[in-house]
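Dropping structure07.cif in here (mmCIF, C-alpha atoms):
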data_data
#
loop_
_atom_site.group_PDB
_atom_site.id
_atom_site.type_symbol
_atom_site.label_atom_id
_atom_site.label_comp_id
_atom_site.auth_asym_id
_atom_site.auth_seq_id
_atom_site.Cartn_x
_atom_site.Cartn_y
_atom_site.Cartn_z
ATOM 1 C CA MET A 1 -9.614 21.512 13.319
ATOM 2 C CA GLU A 2 -8.085 18.396 14.861
ATOM 3 C CA PRO A 3 -7.103 15.691 12.323
ATOM 4 C CA LEU A 4 -9.696 12.927 12.151
ATOM 5 C CA LEU A 5 -7.140 10.176 12.751
ATOM 6 C CA LYS A 6 -5.934 11.968 15.861
ATOM 7 C CA THR A 7 -9.476 12.050 17.221
ATOM 8 C CA TYR A 8 -9.949 8.355 16.437
ATOM 9 C CA TYR A 9 -6.565 7.543 17.976
ATOM 10 C CA LYS A 10 -7.515 9.260 21.222
ATOM 11 C CA CYS A 11 -10.789 7.292 21.284
ATOM 12 C CA TYR A 12 -8.844 4.105 20.608
ATOM 13 C CA LEU A 13 -6.473 4.764 23.496
ATOM 14 C CA SER A 14 -9.274 5.533 25.925
ATOM 15 C CA GLU A 15 -11.970 3.085 24.771
ATOM 16 C CA VAL A 16 -10.006 0.140 23.386
ATOM 17 C CA ARG A 17 -6.785 0.364 25.372
ATOM 18 C CA GLN A 18 -8.688 1.854 28.353
ATOM 19 C CA LEU A 19 -5.837 4.168 29.257
ATOM 20 C CA LYS A 20 -6.159 7.047 31.698
ATOM 21 C CA PRO A 21 -6.764 10.528 30.219
ATOM 22 C CA SER A 22 -3.324 11.659 31.397
ATOM 23 C CA THR A 23 -1.665 8.767 29.546
ATOM 24 C CA VAL A 24 -3.702 9.500 26.416
ATOM 25 C CA ASN A 25 -2.472 13.091 26.519
ATOM 26 C CA HIS A 26 1.131 11.937 26.963
ATOM 27 C CA TYR A 27 0.928 9.683 23.888
ATOM 28 C CA CYS A 28 -0.680 12.438 21.806
ATOM 29 C CA ASP A 29 1.988 14.902 22.914
ATOM 30 C CA ALA A 30 4.580 12.301 21.911
ATOM 31 C CA LEU A 31 3.136 12.165 18.386
ATOM 32 C CA ASN A 32 3.145 15.960 18.203
ATOM 33 C CA ASN A 33 6.875 15.898 18.975
ATOM 34 C CA ILE A 34 7.407 13.073 16.499
ATOM 35 C CA THR A 35 5.657 15.167 13.842
ATOM 36 C CA ARG A 36 8.051 18.060 14.482
ATOM 37 C CA HIS A 37 11.037 15.703 14.394
ATOM 38 C CA LEU A 38 9.968 14.188 11.065
ATOM 39 C CA GLN A 39 9.388 17.658 9.636
ATOM 40 C CA GLU A 40 12.904 18.691 10.655
ATOM 41 C CA MET A 41 14.219 15.556 8.950
ATOM 42 C CA LYS A 42 12.282 16.580 5.797
ATOM 43 C CA MET A 43 10.433 13.247 5.912
ATOM 44 C CA ILE A 44 6.948 14.800 6.054
ATOM 45 C CA THR A 45 5.511 18.258 5.464
ATOM 46 C CA GLY A 46 2.285 17.999 7.442
ATOM 47 C CA SER A 47 1.292 15.954 10.482
ATOM 48 C CA ILE A 48 2.003 12.270 11.036
ATOM 49 C CA TYR A 49 -1.783 11.897 11.035
ATOM 50 C CA ASP A 50 -1.716 12.919 7.356
ATOM 51 C CA VAL A 51 0.284 9.792 6.466
ATOM 52 C CA SER A 52 -2.537 7.621 5.153
ATOM 53 C CA ASP A 53 -0.415 4.764 3.773
ATOM 54 C CA LEU A 54 0.365 2.098 6.388
ATOM 55 C CA HIS A 55 3.519 0.975 4.595
ATOM 56 C CA ARG A 56 4.822 4.545 4.587
ATOM 57 C CA LEU A 57 3.953 4.925 8.271
ATOM 58 C CA LYS A 58 6.001 1.836 9.125
ATOM 59 C CA GLU A 59 8.896 3.150 7.048
ATOM 60 C CA LEU A 60 8.861 6.351 9.099
ATOM 61 C CA GLN A 61 8.775 4.281 12.280
ATOM 62 C CA GLU A 62 11.880 2.384 11.186
ATOM 63 C CA VAL A 63 13.675 5.618 10.262
ATOM 64 C CA LEU A 64 12.966 7.113 13.670
ATOM 65 C CA PHE A 65 14.083 4.035 15.567
ATOM 66 C CA GLU A 66 17.452 4.238 13.804
ATOM 67 C CA ASP A 67 17.874 8.012 14.183
ATOM 68 C CA ALA A 68 20.397 8.974 16.865
ATOM 69 C CA ALA A 69 18.657 12.234 17.770
ATOM 70 C CA PHE A 70 15.313 10.495 18.190
ATOM 71 C CA ILE A 71 16.870 7.675 20.227
ATOM 72 C CA ALA A 72 18.418 10.237 22.586
ATOM 73 C CA GLN A 73 15.179 12.219 22.843
ATOM 74 C CA ASN A 74 13.206 9.037 23.458
ATOM 75 C CA LYS A 75 15.599 7.932 26.201
ATOM 76 C CA LYS A 76 15.344 11.326 27.867
ATOM 77 C CA GLY A 77 11.559 11.064 27.725
ATOM 78 C CA ASN A 78 11.501 7.613 29.368
ATOM 79 C CA GLN A 79 10.562 5.868 26.088
ATOM 80 C CA MET A 80 7.291 7.819 25.867
ATOM 81 C CA TYR A 81 7.894 8.758 22.215
ATOM 82 C CA SER A 82 8.480 5.211 21.019
ATOM 83 C CA ALA A 83 5.535 3.976 23.112
ATOM 84 C CA GLY A 84 3.214 6.577 21.619
ATOM 85 C CA LEU A 85 4.346 5.763 18.092
ATOM 86 C CA ASN A 86 4.058 2.003 18.645
ATOM 87 C CA HIS A 87 0.506 2.447 19.930
ATOM 88 C CA TYR A 88 -0.335 4.587 16.903
ATOM 89 C CA VAL A 89 1.050 2.031 14.442
ATOM 90 C CA LYS A 90 -0.924 -0.744 16.160
ATOM 91 C CA PHE A 91 -4.013 1.456 15.933
ATOM 92 C CA ALA A 92 -3.351 2.030 12.212
ATOM 93 C CA GLU A 93 -2.909 -1.724 11.651
ATOM 94 C CA GLY A 94 -6.194 -2.451 13.416
ATOM 95 C CA THR A 95 -4.396 -4.442 16.118
ATOM 96 C CA ASN A 96 -6.698 -5.042 19.105
ATOM 97 C CA LEU A 97 -9.736 -3.752 17.205
ATOM 98 C CA MET A 98 -10.816 -7.281 16.262
ATOM 99 C CA ALA A 99 -11.634 -8.086 19.881
ATOM 100 C CA PHE A 100 -13.462 -4.743 20.082
ATOM 101 C CA ARG A 101 -15.559 -5.235 16.938
ATOM 102 C CA HIS A 102 -18.884 -5.645 18.760
ATOM 103 C CA ASP A 103 -18.365 -2.268 20.463
ATOM 104 C CA ILE A 104 -16.796 -0.498 17.495
ATOM 105 C CA GLY A 105 -19.570 2.100 17.640
ATOM 106 C CA LYS A 106 -17.830 3.589 20.664
ATOM 107 C CA LEU A 107 -15.231 5.014 18.288
ATOM 108 C CA ASP A 108 -17.848 6.990 16.348
ATOM 109 C CA MET A 109 -17.649 10.754 16.660
ATOM 110 C CA PRO A 110 -20.065 12.416 19.109
ATOM 111 C CA MET A 111 -20.781 14.945 16.342
ATOM 112 C CA PRO A 112 -20.753 14.531 12.539
ATOM 113 C CA VAL A 113 -17.306 15.139 11.085
ATOM 114 C CA ARG A 114 -17.045 18.122 8.801
ATOM 115 C CA THR A 115 -15.269 17.476 5.540
ATOM 116 C CA GLU A 116 -11.854 18.971 4.960
ATOM 117 C CA GLU A 117 -11.027 21.187 2.021
ATOM 118 C CA PRO A 118 -9.996 19.141 -1.020
ATOM 119 C CA ARG A 119 -6.276 18.656 -1.422
ATOM 120 C CA HIS A 120 -4.499 19.057 -4.726
ATOM 121 C CA TYR A 121 -1.631 16.782 -5.642
ATOM 122 C CA GLU A 122 0.627 16.891 -8.653
ATOM 123 C CA ALA A 123 2.115 13.638 -9.815
ATOM 124 C CA LYS A 124 3.795 12.407 -12.961
ATOM 125 C CA HIS A 125 2.741 9.080 -14.427
ATOM 126 C CA TRP A 126 4.205 7.081 -17.278
ATOM 127 C CA ALA A 127 1.819 6.957 -20.221
ATOM 128 C CA ARG A 128 -0.175 3.781 -20.698
ATOM 129 C CA SER A 129 -2.644 2.852 -23.405
ATOM 130 C CA ASP A 130 -6.241 1.960 -22.567
ATOM 131 C CA ILE A 131 -6.487 0.427 -26.017
ATOM 132 C CA LEU A 132 -3.669 -2.016 -25.263
ATOM 133 C CA ARG A 133 -5.346 -2.822 -21.952
ATOM 134 C CA GLU A 134 -8.652 -3.624 -23.662
ATOM 135 C CA GLN A 135 -6.905 -5.599 -26.388
ATOM 136 C CA THR A 136 -5.076 -7.690 -23.793
ATOM 137 C CA LEU A 137 -8.403 -8.802 -22.323
ATOM 138 C CA ALA A 138 -9.919 -9.502 -25.744
ATOM 139 C CA VAL A 139 -6.921 -11.507 -26.996
ATOM 140 C CA ALA A 140 -7.155 -13.692 -23.882
ATOM 141 C CA ASP A 141 -10.886 -14.117 -24.629
ATOM 142 C CA TYR A 142 -11.565 -12.775 -21.125
ATOM 143 C CA HIS A 143 -9.971 -15.775 -19.451
ATOM 144 C CA CYS A 144 -7.451 -15.545 -16.629
ATOM 145 C CA GLU A 145 -4.004 -16.330 -18.033
ATOM 146 C CA MET A 146 -2.882 -17.826 -14.726
ATOM 147 C CA ASP A 147 -5.740 -20.341 -14.843
ATOM 148 C CA GLY A 148 -8.458 -20.189 -17.484
ATOM 149 C CA ARG A 149 -10.868 -22.014 -15.174
ATOM 150 C CA HIS A 150 -11.083 -19.082 -12.753
ATOM 151 C CA GLN A 151 -14.627 -17.741 -12.613
ATOM 152 C CA THR A 152 -15.719 -14.135 -12.222
ATOM 153 C CA PHE A 153 -18.847 -12.074 -12.869
ATOM 154 C CA VAL A 154 -20.131 -10.653 -16.155
ATOM 155 C CA ALA A 155 -19.293 -6.969 -16.572
ATOM 156 C CA GLU A 156 -22.098 -4.645 -17.654
ATOM 157 C CA ARG A 157 -19.795 -2.637 -19.938
ATOM 158 C CA THR A 158 -18.547 -5.550 -22.031
ATOM 159 C CA HIS A 159 -21.032 -8.342 -21.252
ATOM 160 C CA LYS A 160 -17.932 -10.480 -20.862
ATOM 161 C CA PRO A 161 -16.371 -12.072 -17.780
ATOM 162 C CA TYR A 162 -14.770 -9.281 -15.756
ATOM 163 C CA MET A 163 -10.982 -9.393 -16.076
ATOM 164 C CA GLU A 164 -8.152 -6.963 -15.411
ATOM 165 C CA SER A 165 -5.060 -6.079 -17.409
ATOM 166 C CA HIS A 166 -1.776 -6.264 -15.502
ATOM 167 C CA HIS A 167 1.713 -5.001 -16.370
ATOM 168 C CA THR A 168 3.954 -7.889 -15.337
ATOM 169 C CA ILE A 169 6.851 -5.454 -14.894
ATOM 170 C CA PRO A 170 5.127 -2.509 -13.153
ATOM 171 C CA ILE A 171 4.865 0.582 -15.308
ATOM 172 C CA HIS A 172 6.301 2.806 -12.563
ATOM 173 C CA LEU A 173 9.640 1.022 -13.055
ATOM 174 C CA GLN A 174 9.866 2.444 -16.586
ATOM 175 C CA SER A 175 12.801 4.708 -15.701
ATOM 176 C CA ARG A 176 14.966 1.600 -15.265
ATOM 177 C CA PHE A 177 14.383 0.504 -18.861
ATOM 178 C CA SER A 178 15.308 1.940 -22.232
ATOM 179 C CA TYR A 179 12.322 0.337 -23.938
ATOM 180 C CA SER A 180 8.629 0.727 -23.188
ATOM 181 C CA LEU A 181 6.914 -1.445 -20.577
ATOM 182 C CA ASP A 182 3.516 -0.606 -22.028
ATOM 183 C CA VAL A 183 3.712 -3.286 -24.716
ATOM 184 C CA TYR A 184 1.734 -6.424 -25.513
ATOM 185 C CA ALA A 185 4.481 -8.702 -24.203
ATOM 186 C CA ASN A 186 4.337 -7.109 -20.763
ATOM 187 C CA LEU A 187 0.552 -7.133 -20.434
ATOM 188 C CA ILE A 188 -1.393 -10.100 -19.117
ATOM 189 C CA CYS A 189 -5.076 -10.769 -18.504
ATOM 190 C CA LEU A 190 -5.859 -11.751 -14.896
ATOM 191 C CA CYS A 191 -8.974 -12.421 -12.886
ATOM 192 C CA PRO A 192 -9.463 -9.989 -9.962
ATOM 193 C CA VAL A 193 -8.257 -12.534 -7.382
ATOM 194 C CA CYS A 194 -5.040 -13.359 -9.256
ATOM 195 C CA HIS A 195 -4.457 -9.660 -9.882
ATOM 196 C CA ARG A 196 -4.668 -8.892 -6.166
ATOM 197 C CA LYS A 197 -2.635 -11.966 -5.297
ATOM 198 C CA ILE A 198 0.258 -11.019 -7.569
ATOM 199 C CA HIS A 199 0.363 -7.607 -5.845
ATOM 200 C CA TYR A 200 -0.399 -8.525 -2.252
ATOM 201 C CA GLY A 201 -0.167 -12.306 -1.817
ATOM 202 C CA LEU A 202 2.408 -14.281 0.125
ATOM 203 C CA ARG A 203 5.880 -13.614 -1.233
ATOM 204 C CA ASP A 204 6.637 -17.247 -2.126
ATOM 205 C CA GLU A 205 3.311 -17.645 -3.935
ATOM 206 C CA ARG A 206 3.858 -14.397 -5.821
ATOM 207 C CA ARG A 207 7.298 -15.639 -6.854
ATOM 208 C CA GLU A 208 5.794 -18.854 -8.266
ATOM 209 C CA MET A 209 3.286 -16.789 -10.241
ATOM 210 C CA LEU A 210 6.096 -14.622 -11.611
ATOM 211 C CA TYR A 211 8.140 -17.670 -12.594
ATOM 212 C CA GLU A 212 5.155 -18.996 -14.539
ATOM 213 C CA ILE A 213 4.581 -15.666 -16.271
ATOM 214 C CA TYR A 214 8.266 -15.383 -17.113
ATOM 215 C CA GLU A 215 8.344 -18.809 -18.771
ATOM 216 C CA LYS A 216 5.298 -17.888 -20.838
ATOM 217 C CA ARG A 217 6.553 -14.449 -21.834
ATOM 218 C CA ARG A 218 10.370 -14.717 -21.833
ATOM 219 C CA GLU A 219 10.838 -14.657 -25.617
ATOM 220 C CA ARG A 220 8.200 -11.990 -26.196
ATOM 221 C CA LEU A 221 9.712 -9.779 -23.508
ATOM 222 C CA ALA A 222 13.164 -10.220 -25.049
ATOM 223 C CA HIS A 223 11.821 -9.262 -28.487
ATOM 224 C CA SER A 224 10.465 -6.101 -26.863
ATOM 225 C CA GLY A 225 13.911 -5.227 -25.496
ATOM 226 C CA LEU A 226 13.109 -6.405 -21.980
ATOM 227 C CA VAL A 227 15.875 -8.950 -21.532
ATOM 228 C CA MET A 228 16.555 -10.511 -18.123
ATOM 229 C CA GLY A 229 16.830 -13.857 -16.371
ATOM 230 C CA LYS A 230 14.021 -15.494 -14.420
ATOM 231 C CA GLU A 231 15.422 -14.676 -10.979
ATOM 232 C CA GLU A 232 16.226 -11.102 -12.007
ATOM 233 C CA PHE A 233 12.662 -10.730 -13.302
ATOM 234 C CA ALA A 234 11.095 -12.023 -10.096
ATOM 235 C CA ASP A 235 13.456 -10.164 -7.752
ATOM 236 C CA LEU A 236 12.899 -6.877 -9.607
ATOM 237 C CA ILE A 237 9.159 -7.069 -9.035
ATOM 238 C CA LEU A 238 9.200 -8.545 -5.538
ATOM 239 C CA THR A 239 11.675 -6.010 -4.158
ATOM 240 C CA ASP A 240 9.814 -3.063 -5.674
#
Transcribe the structure of this file into structure tokens.
Amino acid sequence: MEPLLKTYYKCYLSEVRQLKPSTVNHYCDALNNITRHLQEMKMITGSIYDVSDLHRLKELQEVLFEDAAFIAQNKKGNQMYSAGLNHYVKFAEGTNLMAFRHDIGKLDMPMPVRTEEPRHYEAKHWARSDILREQTLAVADYHCEMDGRHQTFVAERTHKPYMESHHTIPIHLQSRFSYSLDVYANLICLCPVCHRKIHYGLRDERREMLYEIYEKRRERLAHSGLVMGKEEFADLILTD
């Protein structure tokens, strides 16, 4: 069965980009070759269409564009490989779809899409305590610690303003530290907007948030064995 993203990509090329069927086939063939090349490089095990994380997809794009073998192959193929990949990345980003939003139904499948078999993944995660998470919210009295005036909705489970617990130094960085990151000093209560902003906001604004958190938690972090300067703290998180 053809990967769903491949089917959507072909529709995107023909309906949104309005390319000729022969060109669509060329770009799809290019991605088939790119898949084989990435497999040989041990960068992926399945198809490029299985890469569901946009950040990871862009990383693979950068790797290919710096790979001598790919550069040579792309030159021999009159830049068809890079063109196909660039079109696919733009498709994944949603580029050009905004202007197409009123006709987005054209990308729907002509037949219902059958579900794939479930995939099983094994992953290791550093332990974290749900009790500490709940305590962090209670100690903050369910107020955002970036700005206590931030409003949210009342959660059914607690009948309190909905807040989220956040590890200021991400728990997946635990291997870099000798002492636990799942401690009171490293946990902060944030409203949903601030929580998303500190993960995905503009870099400069995230840095300002981290500076503020550092000043509030510096001594407590140090007492927990997490000793570092303000810039080191911010850079560690922002470059993660």
Which residues are near stretch 195-209 of chain A? Cut-off 8 Å, all atoms listed in the file, ignore same chain within fewer than 4 positions. Put them as a PyMOL selection string.
chain A and resi 146+164+166+190-191+213+234+238
Could you state the separation of atom CA of A:Ser47 and atom CA of A:Leu5 in Å, given to one decimal place?
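The value is 10.5 Å.
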Quote the spacing between atom CA of A:Glu134 and atom CA of A:Asp235 in Å to one decimal place.
28.0 Å
Just checking: using all atoms listed in the file, which residue out of A:Ala140, A:Trp126, A:Met80, A:Lys75 ends up closest to A:Ser175?
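Under the stated criterion, the closest residue is A:Trp126.
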List the neighbours of stretch 27-33 of chain A out to 8 Å using all atoms listed in the file; skip same-chain residues closer than 2 positions along the sequence, and give me the result as a VMD selection string.
chain A and resid 6 10 23 to 25 35 to 37 47 to 48 80 to 81 83 to 85
Given only C-alpha atoms as the counted atoms, nearest of A:Thr152, A:Ile71, A:Leu221, A:Leu107 to A:Val183
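Using only C-alpha atoms, the shortest distance to A:Val183 belongs to A:Leu221.
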Given the file shown, enumerate the residues that the PyMOL selection byres ((chain A and resi 96) around 12) captures and present them as a count of residues only.
21
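Minimum atom-to-atom distance to A:Thr136, evaluated using only C-alpha atoms, belongs to A:Asp182 out of A:Asp108, A:Asp103, A:Glu117, A:Asp182.
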I need the residue set behind the PyMOL selection byres ((chain A and resi 224) around 10) for this file; please write it as a list in words.
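Checked against the file, the PyMOL selection byres ((chain A and resi 224) around 10) matches Tyr179, Ser180, Leu181, Val183, Tyr184, Ala185, Asn186, Arg218, Glu219, Arg220, Leu221, Ala222, His223, Gly225, Leu226 and Val227 of chain A.
The residue that comes closest to A:Tyr49, out of A:Ala68, A:Ile169, A:Leu4, A:Ile188 and on the basis of only C-alpha atoms, is A:Leu4.
Closest approach to A:Glu2 among A:Lys160, A:Phe153, A:Glu215, A:Asp50 is made by A:Asp50 (distances from all atoms listed in the file).
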Translate the PyMOL selection byres ((chain A and resi 144) around 9), as applied to the file shown, into an explicit residue set as a list in words.
Leu137, Ala140, Asp141, Tyr142, His143, Glu145, Met146, Asp147, Gly148, Arg149, His150, Gln151, Met163, Glu164, Ile188, Cys189, Leu190, Cys191, Pro192 and Cys194 of chain A
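Interatomic distance, atom CA of A:Gln135 against atom CA of A:Tyr162: 13.7 Å.
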Nearest to A:Leu210, chosen from A:Ser129, A:Thr168, A:Thr239, A:Ser14, with all atoms listed in the file counted in the distances
A:Thr168
(10.9, 11.0, 9.0) in this file's frame - what residues fall within 10 Å of it? Use all atoms listed in the file and give the answer as a list in words.
Ile34, Thr35, Arg36, His37, Leu38, Gln39, Glu40, Met41, Lys42, Met43, Ile44, Thr45, Ile48, Arg56, Leu57, Glu59, Leu60, Gln61, Glu62, Val63, Leu64 and Asp67 of chain A
